[in-house]
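See below for structure10.cif, which holds mmCIF, C-alpha atoms.
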data_upload
#
loop_
_atom_site.label_atom_id
_atom_site.label_comp_id
_atom_site.auth_asym_id
_atom_site.auth_seq_id
_atom_site.Cartn_x
_atom_site.Cartn_y
_atom_site.Cartn_z
CA MET A 285 -156.15 46.06 -127.34
CA ARG A 286 -153.09 47.96 -126.14
CA ALA A 287 -153.35 50.32 -123.21
CA CYS A 288 -151.47 53.25 -121.73
CA THR A 289 -151.52 55.04 -118.40
CA PHE A 290 -150.03 58.28 -117.08
CA PHE A 291 -147.96 59.33 -114.05
CA GLY A 292 -146.54 62.77 -113.44
CA HIS A 293 -145.76 65.59 -111.08
CA ARG A 294 -148.69 67.71 -109.95
CA ASP A 295 -146.99 70.85 -111.24
CA CYS A 296 -146.62 69.93 -114.91
CA PRO A 297 -146.42 73.23 -116.84
CA GLU A 298 -148.65 74.06 -119.79
CA THR A 299 -145.53 74.21 -121.98
CA MET A 300 -145.48 70.39 -121.94
CA ARG A 301 -148.88 70.07 -123.66
CA GLN A 302 -147.61 69.75 -127.24
CA LYS A 303 -144.90 67.26 -126.30
CA LEU A 304 -147.50 65.19 -124.43
CA SER A 305 -149.90 65.34 -127.35
CA ASP A 306 -147.19 64.23 -129.79
CA VAL A 307 -146.29 61.18 -127.67
CA VAL A 308 -149.93 60.14 -127.20
CA GLU A 309 -150.66 60.50 -130.92
CA ARG A 310 -147.54 58.52 -131.81
CA LEU A 311 -148.67 55.67 -129.54
CA ILE A 312 -152.11 55.68 -131.13
CA ILE A 313 -150.72 55.57 -134.65
CA GLU A 314 -147.53 53.49 -134.32
CA GLU A 315 -148.34 51.19 -131.41
CA ARG A 316 -152.11 50.94 -131.95
CA VAL A 317 -152.90 52.01 -128.40
CA SER A 318 -156.65 52.42 -128.09
CA VAL A 319 -157.27 52.40 -124.33
CA PHE A 320 -156.04 55.04 -121.89
CA TYR A 321 -156.27 55.07 -118.10
CA ILE A 322 -155.93 58.41 -116.33
CA GLY A 323 -155.94 59.43 -112.67
CA THR A 324 -157.49 62.57 -111.23
CA HIS A 325 -154.69 64.28 -109.30
CA GLY A 326 -152.67 67.28 -110.37
CA ASN A 327 -151.95 69.27 -113.49
CA PHE A 328 -150.37 66.41 -115.41
CA ASP A 329 -153.53 64.28 -115.15
CA LYS A 330 -155.71 67.23 -116.16
CA MET A 331 -153.48 68.03 -119.11
CA ALA A 332 -153.35 64.39 -120.22
CA TYR A 333 -157.13 64.14 -120.02
CA SER A 334 -157.50 67.30 -122.07
CA VAL A 335 -155.09 66.00 -124.73
CA LEU A 336 -156.90 62.66 -124.84
CA SER A 337 -160.26 64.43 -125.21
CA GLN A 338 -158.95 66.35 -128.23
CA LEU A 339 -157.43 63.27 -129.84
CA ALA A 340 -160.66 61.31 -129.27
CA GLN A 341 -162.25 63.60 -131.84
CA ARG A 342 -159.87 62.22 -134.51
CA TYR A 343 -159.16 58.67 -133.35
CA ILE A 344 -161.22 55.83 -131.96
CA ILE A 345 -159.91 55.57 -128.40
CA ASP A 346 -161.38 54.77 -125.02
CA VAL A 347 -160.41 57.01 -122.12
CA TYR A 348 -161.15 55.79 -118.60
CA VAL A 349 -160.86 57.99 -115.53
CA VAL A 350 -159.66 55.70 -112.75
CA LEU A 351 -160.88 56.84 -109.37
CA ALA A 352 -159.04 56.44 -106.08
CA HIS A 353 -161.92 57.87 -104.05
CA LEU A 354 -165.60 57.80 -104.93
CA ARG A 355 -166.30 61.10 -103.17
CA ARG A 356 -163.73 62.95 -105.32
CA ALA A 357 -165.63 62.05 -108.49
CA THR A 358 -168.77 63.98 -107.69
CA GLY A 359 -167.14 67.41 -107.64
CA SER A 360 -164.96 67.09 -110.74
CA ARG A 361 -165.50 69.61 -113.52
CA VAL A 362 -162.39 68.69 -115.48
CA PHE A 363 -163.08 65.02 -116.13
CA ASP A 364 -166.06 63.54 -117.96
CA MET A 365 -167.29 61.09 -115.38
CA ARG A 366 -169.28 58.92 -117.81
CA LYS A 367 -166.33 56.57 -118.36
CA THR A 368 -164.96 55.90 -114.93
CA VAL A 369 -163.40 52.90 -113.29
CA TYR A 370 -163.34 52.25 -109.57
CA PRO A 371 -161.03 49.25 -109.13
CA GLU A 372 -162.59 46.26 -107.42
CA GLY A 373 -161.60 45.96 -103.79
CA LEU A 374 -160.58 49.59 -103.45
CA GLU A 375 -163.51 50.25 -101.13
CA THR A 376 -161.78 48.14 -98.46
CA VAL A 377 -158.42 49.94 -98.72
CA PRO A 378 -157.67 52.66 -96.14
CA ARG A 379 -158.05 56.11 -97.73
CA ARG A 380 -154.36 56.96 -97.41
CA PHE A 381 -153.45 53.92 -99.56
CA ALA A 382 -156.17 54.35 -102.18
CA ILE A 383 -154.03 56.25 -104.69
CA VAL A 384 -151.28 53.61 -104.42
CA LYS A 385 -153.77 50.81 -105.12
CA ARG A 386 -155.39 52.77 -107.95
CA ASN A 387 -151.99 53.35 -109.56
CA GLN A 388 -151.10 49.66 -109.22
CA TYR A 389 -154.36 48.83 -110.99
CA MET A 390 -153.47 51.17 -113.88
CA ILE A 391 -150.02 49.58 -114.20
CA GLU A 392 -151.57 46.10 -114.33
CA LYS A 393 -153.96 47.14 -117.12
CA SER A 394 -151.36 48.91 -119.29
CA ASP A 395 -148.60 48.23 -121.79
CA PHE A 396 -147.18 51.77 -121.86
CA VAL A 397 -146.65 54.68 -119.49
CA ILE A 398 -146.41 58.31 -120.48
CA CYS A 399 -144.97 60.33 -117.65
CA TYR A 400 -143.70 63.71 -116.61
CA VAL A 401 -140.84 62.97 -114.20
CA ASN A 402 -137.96 65.30 -113.41
CA ASP A 403 -136.38 63.63 -110.36
CA ASN A 404 -136.21 60.36 -108.49
CA VAL A 405 -137.72 61.36 -105.15
CA THR A 406 -141.42 61.61 -106.01
CA ASN A 407 -144.32 59.19 -106.08
CA ALA A 408 -144.53 59.63 -109.85
CA PHE A 409 -140.97 58.30 -110.12
CA LYS A 410 -141.81 55.36 -107.85
CA PHE A 411 -144.79 54.28 -109.92
CA VAL A 412 -142.97 54.69 -113.23
CA SER A 413 -140.10 52.60 -111.84
CA ARG A 414 -142.59 49.94 -110.77
CA ALA A 415 -144.12 49.94 -114.26
CA LYS A 416 -140.67 49.69 -115.84
CA ARG A 417 -139.83 46.64 -113.68
CA LYS A 418 -143.06 45.01 -114.89
CA GLY A 419 -141.92 45.50 -118.48
CA LEU A 420 -144.06 48.46 -119.54
CA ARG A 421 -142.51 50.84 -122.08
CA ILE A 422 -141.91 54.28 -120.63
CA PHE A 423 -142.15 57.62 -122.44
CA ASN A 424 -141.02 60.49 -120.22
CA ILE A 425 -141.69 64.04 -121.36
CA GLY A 426 -139.84 65.35 -118.29
CA ASN A 427 -136.09 65.69 -117.70
CA TYR A 428 -135.35 62.49 -115.78
CA ILE A 429 -133.50 59.82 -117.77
CA PHE A 430 -134.68 56.30 -116.98
CA ASP A 431 -132.06 53.59 -117.52
CA GLU A 432 -132.68 51.43 -120.56
#

Give the structure from this file in structure tokens form.
Amino acid sequence: MRACTFFGHRDCPETMRQKLSDVVERLIIEERVSVFYIGTHGNFDKMAYSVLSQLAQRYIIDVYVVLAHLRRATGSRVFDMRKTVYPEGLETVPRRFAIVKRNQYMIEKSDFVICYVNDNVTNAFKFVSRAKRKGLRIFNIGNYIFDE
């Protein structure tokens, strides 16, 4: 089973939706990706979840919402909370480091990253760079060019 995760800027514009959908569908078809891990912060995560929900009507895929905080899950209207993951040990991590640990978990579980990164000074860039160093294949729908 091949897996993919997502990292991106909070302010991802709606104009990126089709490009995101095309990349996800290509991974499903060409790379046989069937498992997707998605966070719960910002427009990029919401858009990715929406795209995955639409594609799940045509393809057999599993979409897991990976939580950084248990309290955040209860008020979410965007994400279907039936398929959630709360990484083991996260309950002992200080709240300010929970997103970092959650993102590390998603990198460990994945083979691919789809991202929306436009510069090299954000947390999205840092996590994509970490994933790249671990050997994950990166697909950026943003403007930043990652070295090959």

Exercise: A:Arg301 partners within 9 Å, only C-alpha atoms, chain neighbours under 5 positions left out, as number ranges by chain = A: 306, 331-332, 335

Excluding A:Pro297 and its own-chain neighbours fewer than 6 positions away, which residues fall within 12 Å of it when counting all atoms listed in the file? Please give them as a JSON list (two decimals) with C-alpha atoms, keeping the file's coordinate frame.
[["chain", "number", "residue", "atom", "x", "y", "z"],
["A", 303, "LYS", "CA", -144.90, 67.26, -126.30],
["A", 304, "LEU", "CA", -147.50, 65.19, -124.43],
["A", 326, "GLY", "CA", -152.67, 67.28, -110.37],
["A", 327, "ASN", "CA", -151.95, 69.27, -113.49],
["A", 328, "PHE", "CA", -150.37, 66.41, -115.41],
["A", 329, "ASP", "CA", -153.53, 64.28, -115.15],
["A", 330, "LYS", "CA", -155.71, 67.23, -116.16],
["A", 331, "MET", "CA", -153.48, 68.03, -119.11],
["A", 332, "ALA", "CA", -153.35, 64.39, -120.22],
["A", 400, "TYR", "CA", -143.70, 63.71, -116.61],
["A", 401, "VAL", "CA", -140.84, 62.97, -114.20],
["A", 425, "ILE", "CA", -141.69, 64.04, -121.36],
["A", 426, "GLY", "CA", -139.84, 65.35, -118.29]]

When you look at A:His325 with a cut-off of 10 Å (counting only C-alpha atoms), what residues show up, excluding the ones that are within fewer than 2 positions of it in the same chain? I need them as a PDB file with C-alpha atoms, in the coordinates of the input.
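Saved result, around-v6.pdb, follows:
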ATOM      1  CA  PHE A 291    -147.960  59.330-114.050  1.00  0.00           C
ATOM      2  CA  GLY A 292    -146.540  62.770-113.440  1.00  0.00           C
ATOM      3  CA  HIS A 293    -145.760  65.590-111.080  1.00  0.00           C
ATOM      4  CA  ARG A 294    -148.690  67.710-109.950  1.00  0.00           C
ATOM      5  CA  ILE A 322    -155.930  58.410-116.330  1.00  0.00           C
ATOM      6  CA  GLY A 323    -155.940  59.430-112.670  1.00  0.00           C
ATOM      7  CA  ASN A 327    -151.950  69.270-113.490  1.00  0.00           C
ATOM      8  CA  PHE A 328    -150.370  66.410-115.410  1.00  0.00           C
ATOM      9  CA  ASP A 329    -153.530  64.280-115.150  1.00  0.00           C
ATOM     10  CA  LYS A 330    -155.710  67.230-116.160  1.00  0.00           C
ATOM     11  CA  LEU A 351    -160.880  56.840-109.370  1.00  0.00           C
ATOM     12  CA  ALA A 352    -159.040  56.440-106.080  1.00  0.00           C
ATOM     13  CA  ARG A 356    -163.730  62.950-105.320  1.00  0.00           C
ATOM     14  CA  ILE A 383    -154.030  56.250-104.690  1.00  0.00           C
TER      15      ILE A 383
END

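If you measure from each of A:Ala287, A:Val349, A:Ile398, A:Cys296 to A:Val308 using all atoms listed in the file, the closest one turns out to be A:Ile398.
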
Could you state which residues are captured by the PyMOL selection byres ((chain A and resi 402-416) around 10) in this file, as a PDB file with C-alpha atoms, keeping the file's coordinate frame?
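File written: expr-v2.pdb
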ATOM      1  CA  THR A 289    -151.520  55.040-118.400  1.00  0.00           C
ATOM      2  CA  PHE A 290    -150.030  58.280-117.080  1.00  0.00           C
ATOM      3  CA  PHE A 291    -147.960  59.330-114.050  1.00  0.00           C
ATOM      4  CA  GLY A 292    -146.540  62.770-113.440  1.00  0.00           C
ATOM      5  CA  HIS A 293    -145.760  65.590-111.080  1.00  0.00           C
ATOM      6  CA  ARG A 294    -148.690  67.710-109.950  1.00  0.00           C
ATOM      7  CA  CYS A 296    -146.620  69.930-114.910  1.00  0.00           C
ATOM      8  CA  VAL A 384    -151.280  53.610-104.420  1.00  0.00           C
ATOM      9  CA  ASN A 387    -151.990  53.350-109.560  1.00  0.00           C
ATOM     10  CA  GLN A 388    -151.100  49.660-109.220  1.00  0.00           C
ATOM     11  CA  MET A 390    -153.470  51.170-113.880  1.00  0.00           C
ATOM     12  CA  ILE A 391    -150.020  49.580-114.200  1.00  0.00           C
ATOM     13  CA  GLU A 392    -151.570  46.100-114.330  1.00  0.00           C
ATOM     14  CA  SER A 394    -151.360  48.910-119.290  1.00  0.00           C
ATOM     15  CA  ASP A 395    -148.600  48.230-121.790  1.00  0.00           C
ATOM     16  CA  PHE A 396    -147.180  51.770-121.860  1.00  0.00           C
ATOM     17  CA  VAL A 397    -146.650  54.680-119.490  1.00  0.00           C
ATOM     18  CA  ILE A 398    -146.410  58.310-120.480  1.00  0.00           C
ATOM     19  CA  CYS A 399    -144.970  60.330-117.650  1.00  0.00           C
ATOM     20  CA  TYR A 400    -143.700  63.710-116.610  1.00  0.00           C
ATOM     21  CA  VAL A 401    -140.840  62.970-114.200  1.00  0.00           C
ATOM     22  CA  ARG A 417    -139.830  46.640-113.680  1.00  0.00           C
ATOM     23  CA  LYS A 418    -143.060  45.010-114.890  1.00  0.00           C
ATOM     24  CA  GLY A 419    -141.920  45.500-118.480  1.00  0.00           C
ATOM     25  CA  LEU A 420    -144.060  48.460-119.540  1.00  0.00           C
ATOM     26  CA  ARG A 421    -142.510  50.840-122.080  1.00  0.00           C
ATOM     27  CA  ILE A 422    -141.910  54.280-120.630  1.00  0.00           C
ATOM     28  CA  PHE A 423    -142.150  57.620-122.440  1.00  0.00           C
ATOM     29  CA  ASN A 424    -141.020  60.490-120.220  1.00  0.00           C
ATOM     30  CA  ILE A 425    -141.690  64.040-121.360  1.00  0.00           C
ATOM     31  CA  GLY A 426    -139.840  65.350-118.290  1.00  0.00           C
ATOM     32  CA  ASN A 427    -136.090  65.690-117.700  1.00  0.00           C
ATOM     33  CA  TYR A 428    -135.350  62.490-115.780  1.00  0.00           C
ATOM     34  CA  ILE A 429    -133.500  59.820-117.770  1.00  0.00           C
ATOM     35  CA  PHE A 430    -134.680  56.300-116.980  1.00  0.00           C
ATOM     36  CA  ASP A 431    -132.060  53.590-117.520  1.00  0.00           C
ATOM     37  CA  GLU A 432    -132.680  51.430-120.560  1.00  0.00           C
TER      38      GLU A 432
END

With 8 Å of padding per side, what axis-aligned box (centre and edge lengths, Å, one decimal) covers all the listed atoms of stretch 319-329 of chain A? Give it as AutoDock Vina command-line options.
--center_x -153.9 --center_y 60.8 --center_z -116.8 --size_x 23.1 --size_y 32.9 --size_z 31.0
